[in-house]
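This report refers to the structure that appears directly beneath it.
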Amino acid sequence: MITLDDIRAAADRIQKDILATPLISSPALSRMFGAEIHLKMESLQKTGSFKARGAMNLIKASCGRIPKGGVVAASAGNHAQGVALAARQVGIPATIVMPVGASISKQEATRSYGGKVLLEGQTVSESLAVAEKLARDGRTFIHPFDDPLIMAGQGTVALEIVEALPDVERVIIPVGGGGVIAGMAVALRALRPGVKITGVQAAVCPSAVVAIQKGEIVEIQGATSIADGIAVRKTGAAPFEIIRDLVDNVVTVEEEHIAAAILLLMERKKIVAEGAGAVALAALMSRAVPLQPGEKTVLLISGGNLDSPLLGRIIRKGLIQSGRILRVNVMLADEPGVLARLLNCIAARQANVLHIHHNRSRRDFPVNMTAVELELETRGESHVEEIERSLRDAGYTLSVC
């Protein structure tokens, strides 16, 4: 197991190469959850993720032992960028194996930091196998989480939290392979023994939760998640020992809560967080983690590398699920003036029409009727109920999509 001294040594080793990211308070979130909420902004870290800390620590600590072939790693994104940056900082080559379906933007970001990208394997697990094979040809393999130097580097996040908020009472941390929560837990338990440490996983890939329940590491059949950075099917062996001994609990959150958390961070704090980076807030929004009144709570916003196309889909999904977009079908007589009266009724309720589509080809409709599909911008659930009630009171037959 790593120690606080290991983490402090890592902090000294990497301090000139990484950012001490801000810990910001959020009055809006504090009011929402009845506690004192702070956000640790690792989304502002170099490469957009805490992963740069562990990679930098391992590479700088191992510099004299790394062969001419450099280092090799496997990752779908954040670890890839962290390794590429750290290798460039010390002037050694880095080969990064990424799954074939890895985000194009993350591939390009990794190349921009000097990494040589190889697309091999359908999953990160398959890419890891390729990377381990390449390591036998004269490269140092850098595991994304199951390594003491990696965990010590990630644990430096906790040192900064305690320095900025010495009386912190709870820290909520994303969990994938377990590297960051393991490193942080060691530091937190040493510096603030009574702190509550909660991990969060995507419900579709709860590898750490299952491991804790069974008392041993198992590989699960996880599904795709918008929190792809923590969709790890098997918890690391070294991190698991620390999680089991030092972490209070690990909870899960559903995809809709992750999407809603990403949207809330954007709207309330102007923060772009990737899915994994938003799960700590999702755990509060879903009530998976109840807080005590006034509890001083830190949420780790672990990364901000969110693809633009995915961001658009998440925003739309979040708006629909929060009642900010209403999609409704209304049956109308296909006559002049009927649509105008419907739109006037909607305007009276101060809803904004985003899209409108006539569907005259439904088999179950009479020839003189049409289905009008509307997409409306609303203020939220209560406004949606007001609009639906108003339309029904006006005699319209409608169905909500």
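Each chain in the structure tokens gets a letter, A, B and so on, in the order shown; residues start at 1 in every chain, and ligands are counted from 1 in the order they appear.
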Members of stretch 75-253 of chain A assigned helix (DSSP H, G or I) by DSSP, as a PyMOL selection string: chain A and resi 78-90+104-112+124-135+148-164+179-191+207-214+228-230+237-246
Those in stretch 29-227 of chain A with strand (DSSP E or B) from DSSP, as number ranges by chain: A: 36-41, 49, 71-74, 94-98, 116-119, 140-142, 170-174, 196-202
Put those residues in a file: N, CA and C atoms, as a short mmCIF file (atom, residue, chain, number, x, y, z; two decimals), in the first residue's frame.
```
data_model
loop_
_atom_site.label_atom_id
_atom_site.label_comp_id
_atom_site.auth_asym_id
_atom_site.auth_seq_id
_atom_site.Cartn_x
_atom_site.Cartn_y
_atom_site.Cartn_z
N GLU A 36 -22.51 22.52 2.29
CA GLU A 36 -21.50 23.46 1.78
C GLU A 36 -20.71 22.73 0.69
N ILE A 37 -21.05 23.04 -0.57
CA ILE A 37 -20.50 22.29 -1.70
C ILE A 37 -19.31 23.03 -2.31
N HIS A 38 -18.22 22.29 -2.51
CA HIS A 38 -17.03 22.80 -3.18
C HIS A 38 -16.69 21.87 -4.34
N LEU A 39 -16.13 22.42 -5.39
CA LEU A 39 -15.77 21.65 -6.58
C LEU A 39 -14.26 21.70 -6.78
N LYS A 40 -13.63 20.52 -6.83
CA LYS A 40 -12.20 20.44 -7.11
C LYS A 40 -12.03 20.29 -8.61
N MET A 41 -11.48 21.31 -9.25
CA MET A 41 -11.56 21.46 -10.70
C MET A 41 -10.39 20.80 -11.45
N SER A 49 -7.51 16.64 -17.30
CA SER A 49 -7.85 15.53 -16.41
C SER A 49 -6.76 15.32 -15.37
N VAL A 71 7.98 4.77 -23.53
CA VAL A 71 6.89 4.20 -22.73
C VAL A 71 5.74 3.81 -23.66
N VAL A 72 4.90 2.91 -23.15
CA VAL A 72 3.71 2.50 -23.89
C VAL A 72 2.56 2.42 -22.90
N ALA A 73 1.39 2.83 -23.35
CA ALA A 73 0.20 2.81 -22.49
C ALA A 73 -1.01 2.50 -23.35
N ALA A 74 -2.10 2.17 -22.67
CA ALA A 74 -3.37 1.93 -23.36
C ALA A 74 -4.44 2.77 -22.69
N ALA A 94 6.58 8.15 -26.67
CA ALA A 94 5.40 7.52 -26.05
C ALA A 94 4.54 6.90 -27.13
N THR A 95 4.22 5.62 -26.95
CA THR A 95 3.30 4.92 -27.84
C THR A 95 2.01 4.66 -27.07
N ILE A 96 0.89 5.07 -27.65
CA ILE A 96 -0.40 4.93 -26.97
C ILE A 96 -1.31 4.04 -27.80
N VAL A 97 -1.76 2.94 -27.22
CA VAL A 97 -2.70 2.05 -27.89
C VAL A 97 -4.12 2.47 -27.47
N MET A 98 -4.94 2.77 -28.45
CA MET A 98 -6.31 3.21 -28.18
C MET A 98 -7.27 2.27 -28.90
N LYS A 116 2.53 8.70 -30.12
CA LYS A 116 2.26 7.92 -31.33
C LYS A 116 1.06 7.03 -31.05
N VAL A 117 -0.02 7.22 -31.78
CA VAL A 117 -1.28 6.52 -31.51
C VAL A 117 -1.41 5.29 -32.40
N LEU A 118 -1.68 4.14 -31.77
CA LEU A 118 -2.00 2.92 -32.50
C LEU A 118 -3.43 2.52 -32.15
N LEU A 119 -4.25 2.30 -33.16
CA LEU A 119 -5.64 1.89 -32.93
C LEU A 119 -5.71 0.37 -33.00
N THR A 140 8.66 0.76 -21.55
CA THR A 140 8.11 0.69 -20.20
C THR A 140 6.61 0.83 -20.26
N PHE A 141 5.90 -0.15 -19.73
CA PHE A 141 4.44 -0.13 -19.74
C PHE A 141 3.92 0.72 -18.58
N ILE A 142 2.99 1.61 -18.88
CA ILE A 142 2.39 2.47 -17.85
C ILE A 142 0.91 2.12 -17.72
N ARG A 170 -16.56 15.62 3.81
CA ARG A 170 -16.87 14.54 2.86
C ARG A 170 -16.24 14.86 1.52
N VAL A 171 -15.70 13.83 0.87
CA VAL A 171 -15.17 13.96 -0.49
C VAL A 171 -15.81 12.87 -1.34
N ILE A 172 -16.36 13.27 -2.49
CA ILE A 172 -17.04 12.35 -3.40
C ILE A 172 -16.21 12.25 -4.68
N ILE A 173 -15.84 11.03 -5.05
CA ILE A 173 -14.81 10.80 -6.06
C ILE A 173 -15.28 9.78 -7.10
N PRO A 174 -15.10 10.06 -8.40
CA PRO A 174 -15.42 9.06 -9.43
C PRO A 174 -14.53 7.82 -9.29
N LYS A 196 -15.48 11.56 5.43
CA LYS A 196 -16.23 10.51 4.73
C LYS A 196 -15.80 10.49 3.27
N ILE A 197 -15.45 9.32 2.80
CA ILE A 197 -14.98 9.16 1.42
C ILE A 197 -15.97 8.28 0.67
N THR A 198 -16.57 8.85 -0.37
CA THR A 198 -17.57 8.13 -1.16
C THR A 198 -17.11 8.04 -2.60
N GLY A 199 -17.17 6.85 -3.16
CA GLY A 199 -16.89 6.67 -4.57
C GLY A 199 -18.17 6.58 -5.37
N VAL A 200 -18.08 6.92 -6.66
CA VAL A 200 -19.25 6.88 -7.54
C VAL A 200 -18.89 6.19 -8.84
N GLN A 201 -19.74 5.23 -9.24
CA GLN A 201 -19.58 4.55 -10.52
C GLN A 201 -20.83 4.69 -11.37
N ALA A 202 -20.66 4.54 -12.67
CA ALA A 202 -21.82 4.45 -13.56
C ALA A 202 -22.54 3.13 -13.30
#
```
Spatial neighbours of stretch 331-345 of chain A, max dist 8 Å, only C-alpha atoms, sep filter under 6 positions, as a PyMOL selection string: chain A and resi 368-372+390-391+396-398
Dump of N, CA and C atoms for the selected residues, as a short mmCIF file (atom, residue, chain, number, x, y, z; two decimals), in the first residue's frame:
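This went into result-v1.cif:
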```
data_model
loop_
_atom_site.label_atom_id
_atom_site.label_comp_id
_atom_site.auth_asym_id
_atom_site.auth_seq_id
_atom_site.Cartn_x
_atom_site.Cartn_y
_atom_site.Cartn_z
N ASN A 368 -59.16 13.59 -43.10
CA ASN A 368 -59.30 15.01 -42.84
C ASN A 368 -58.61 15.46 -41.55
N MET A 369 -57.78 14.58 -40.96
CA MET A 369 -57.07 14.91 -39.73
C MET A 369 -55.56 14.85 -39.97
N THR A 370 -54.84 15.57 -39.15
CA THR A 370 -53.38 15.55 -39.23
C THR A 370 -52.79 15.52 -37.82
N ALA A 371 -51.64 14.90 -37.71
CA ALA A 371 -50.90 14.92 -36.44
C ALA A 371 -49.82 16.00 -36.54
N VAL A 372 -49.84 16.91 -35.61
CA VAL A 372 -48.82 17.95 -35.55
C VAL A 372 -47.86 17.61 -34.42
N SER A 390 -53.50 23.27 -20.18
CA SER A 390 -54.13 24.32 -20.99
C SER A 390 -54.61 23.76 -22.33
N LEU A 391 -53.78 22.92 -22.96
CA LEU A 391 -54.15 22.35 -24.25
C LEU A 391 -55.35 21.40 -24.12
N TYR A 396 -57.97 19.95 -27.04
CA TYR A 396 -57.03 19.26 -27.91
C TYR A 396 -56.74 17.84 -27.39
N THR A 397 -56.62 16.90 -28.33
CA THR A 397 -56.18 15.55 -28.00
C THR A 397 -54.67 15.48 -28.23
N LEU A 398 -53.93 15.14 -27.20
CA LEU A 398 -52.48 15.17 -27.34
C LEU A 398 -51.83 13.97 -26.64
#
```
As a CSV table (one decimal) with N, CA and C atoms, in the first residue's frame, please: the residues near A:Pro22 (cut-off 10 Å, only C-alpha atoms, same-chain neighbours under 2 positions excluded).
```
chain,number,residue,atom,x,y,z
A,19,LEU,N,-0.7,21.5,-12.7
A,19,LEU,CA,-1.3,22.7,-12.1
A,19,LEU,C,-1.9,22.3,-10.7
A,20,ALA,N,-1.8,23.2,-9.8
A,20,ALA,CA,-2.6,23.1,-8.5
A,20,ALA,C,-4.0,23.7,-8.8
A,24,ILE,N,-13.3,25.5,-5.8
A,24,ILE,CA,-14.2,26.6,-5.8
A,24,ILE,C,-15.5,26.3,-5.1
A,25,SER,N,-16.1,27.2,-4.4
A,25,SER,CA,-17.3,27.0,-3.7
A,25,SER,C,-18.5,27.3,-4.6
A,38,HIS,N,-18.2,22.3,-2.5
A,38,HIS,CA,-17.0,22.8,-3.2
A,38,HIS,C,-16.7,21.9,-4.3
A,39,LEU,N,-16.1,22.4,-5.4
A,39,LEU,CA,-15.8,21.7,-6.6
A,39,LEU,C,-14.3,21.7,-6.8
A,40,LYS,N,-13.6,20.5,-6.8
A,40,LYS,CA,-12.2,20.4,-7.1
A,40,LYS,C,-12.0,20.3,-8.6
A,41,MET,N,-11.5,21.3,-9.3
A,41,MET,CA,-11.6,21.5,-10.7
A,41,MET,C,-10.4,20.8,-11.4
A,42,GLU,N,-10.3,19.5,-11.4
A,42,GLU,CA,-9.3,18.8,-12.2
A,42,GLU,C,-9.6,18.8,-13.7
A,44,LEU,N,-9.7,21.4,-15.2
A,44,LEU,CA,-8.8,22.5,-15.6
A,44,LEU,C,-7.3,22.1,-15.6
A,45,GLN,N,-7.0,20.8,-15.2
A,45,GLN,CA,-5.7,20.3,-15.2
A,45,GLN,C,-5.1,20.3,-16.6
A,160,GLU,N,-4.1,18.9,-2.0
A,160,GLU,CA,-4.5,20.3,-2.4
A,160,GLU,C,-5.9,20.6,-1.7
A,161,ILE,N,-6.8,19.6,-1.7
A,161,ILE,CA,-8.1,19.8,-1.1
A,161,ILE,C,-7.9,20.1,0.4
A,164,ALA,N,-6.6,23.6,1.0
A,164,ALA,CA,-7.5,24.7,0.8
A,164,ALA,C,-8.7,24.6,1.7
```
All residues 7 Å or closer to stretch 266-275 of chain A, only C-alpha atoms, same chain fewer than 3 positions away omitted, as a ChimeraX atom specification: /A:43,226-228,258,262-263,278-279,301,303-306
Spatial neighbours of A:Lys16, max dist 12 Å, only C-alpha atoms, sep filter under 3 positions, as JSON, numbers by chain: {"A": [10, 11, 12, 13, 19, 20, 46, 53, 56, 57, 60, 86, 89]}
Suppose we keep C-alpha atoms; can you now write the selection as a short mmCIF file (atom, residue, chain, number, x, y, z; two decimals), in the first residue's frame?
```
data_model
loop_
_atom_site.label_atom_id
_atom_site.label_comp_id
_atom_site.auth_asym_id
_atom_site.auth_seq_id
_atom_site.Cartn_x
_atom_site.Cartn_y
_atom_site.Cartn_z
CA ALA A 10 4.95 12.70 -5.76
CA ALA A 11 3.75 16.25 -5.10
CA ASP A 12 7.34 17.47 -4.85
CA ARG A 13 8.30 15.56 -7.98
CA LEU A 19 -1.33 22.69 -12.08
CA ALA A 20 -2.57 23.11 -8.53
CA LYS A 46 -3.15 20.02 -17.99
CA ARG A 53 -0.58 13.72 -12.26
CA MET A 56 3.96 12.54 -14.66
CA ASN A 57 4.89 11.00 -11.32
CA LYS A 60 9.71 11.28 -13.70
CA ALA A 86 4.62 13.52 -19.39
CA GLN A 89 8.20 16.79 -20.80
#
```
Option closest in space to A:Gly121, from A:Ala76, A:Val90, A:Ala135, A:Cys205 [counting only C-alpha atoms]: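 Closest to A:Gly121 of all the choices is A:Ala76.
Interatomic distance, atom CA of A:Lys296 against atom CA of A:Ala28: 14.3 Å.
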Between atom CA of A:Gly179 and atom CA of A:Thr224, distance in Å (one decimal):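 For atom CA of A:Gly179 relative to atom CA of A:Thr224, the distance reads 20.6 Å.
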Closest of A:Lys317, A:Gly183, A:Val232, A:Gly215 to A:Glu255 - atom-to-atom distances counting only C-alpha atoms: A:Lys317
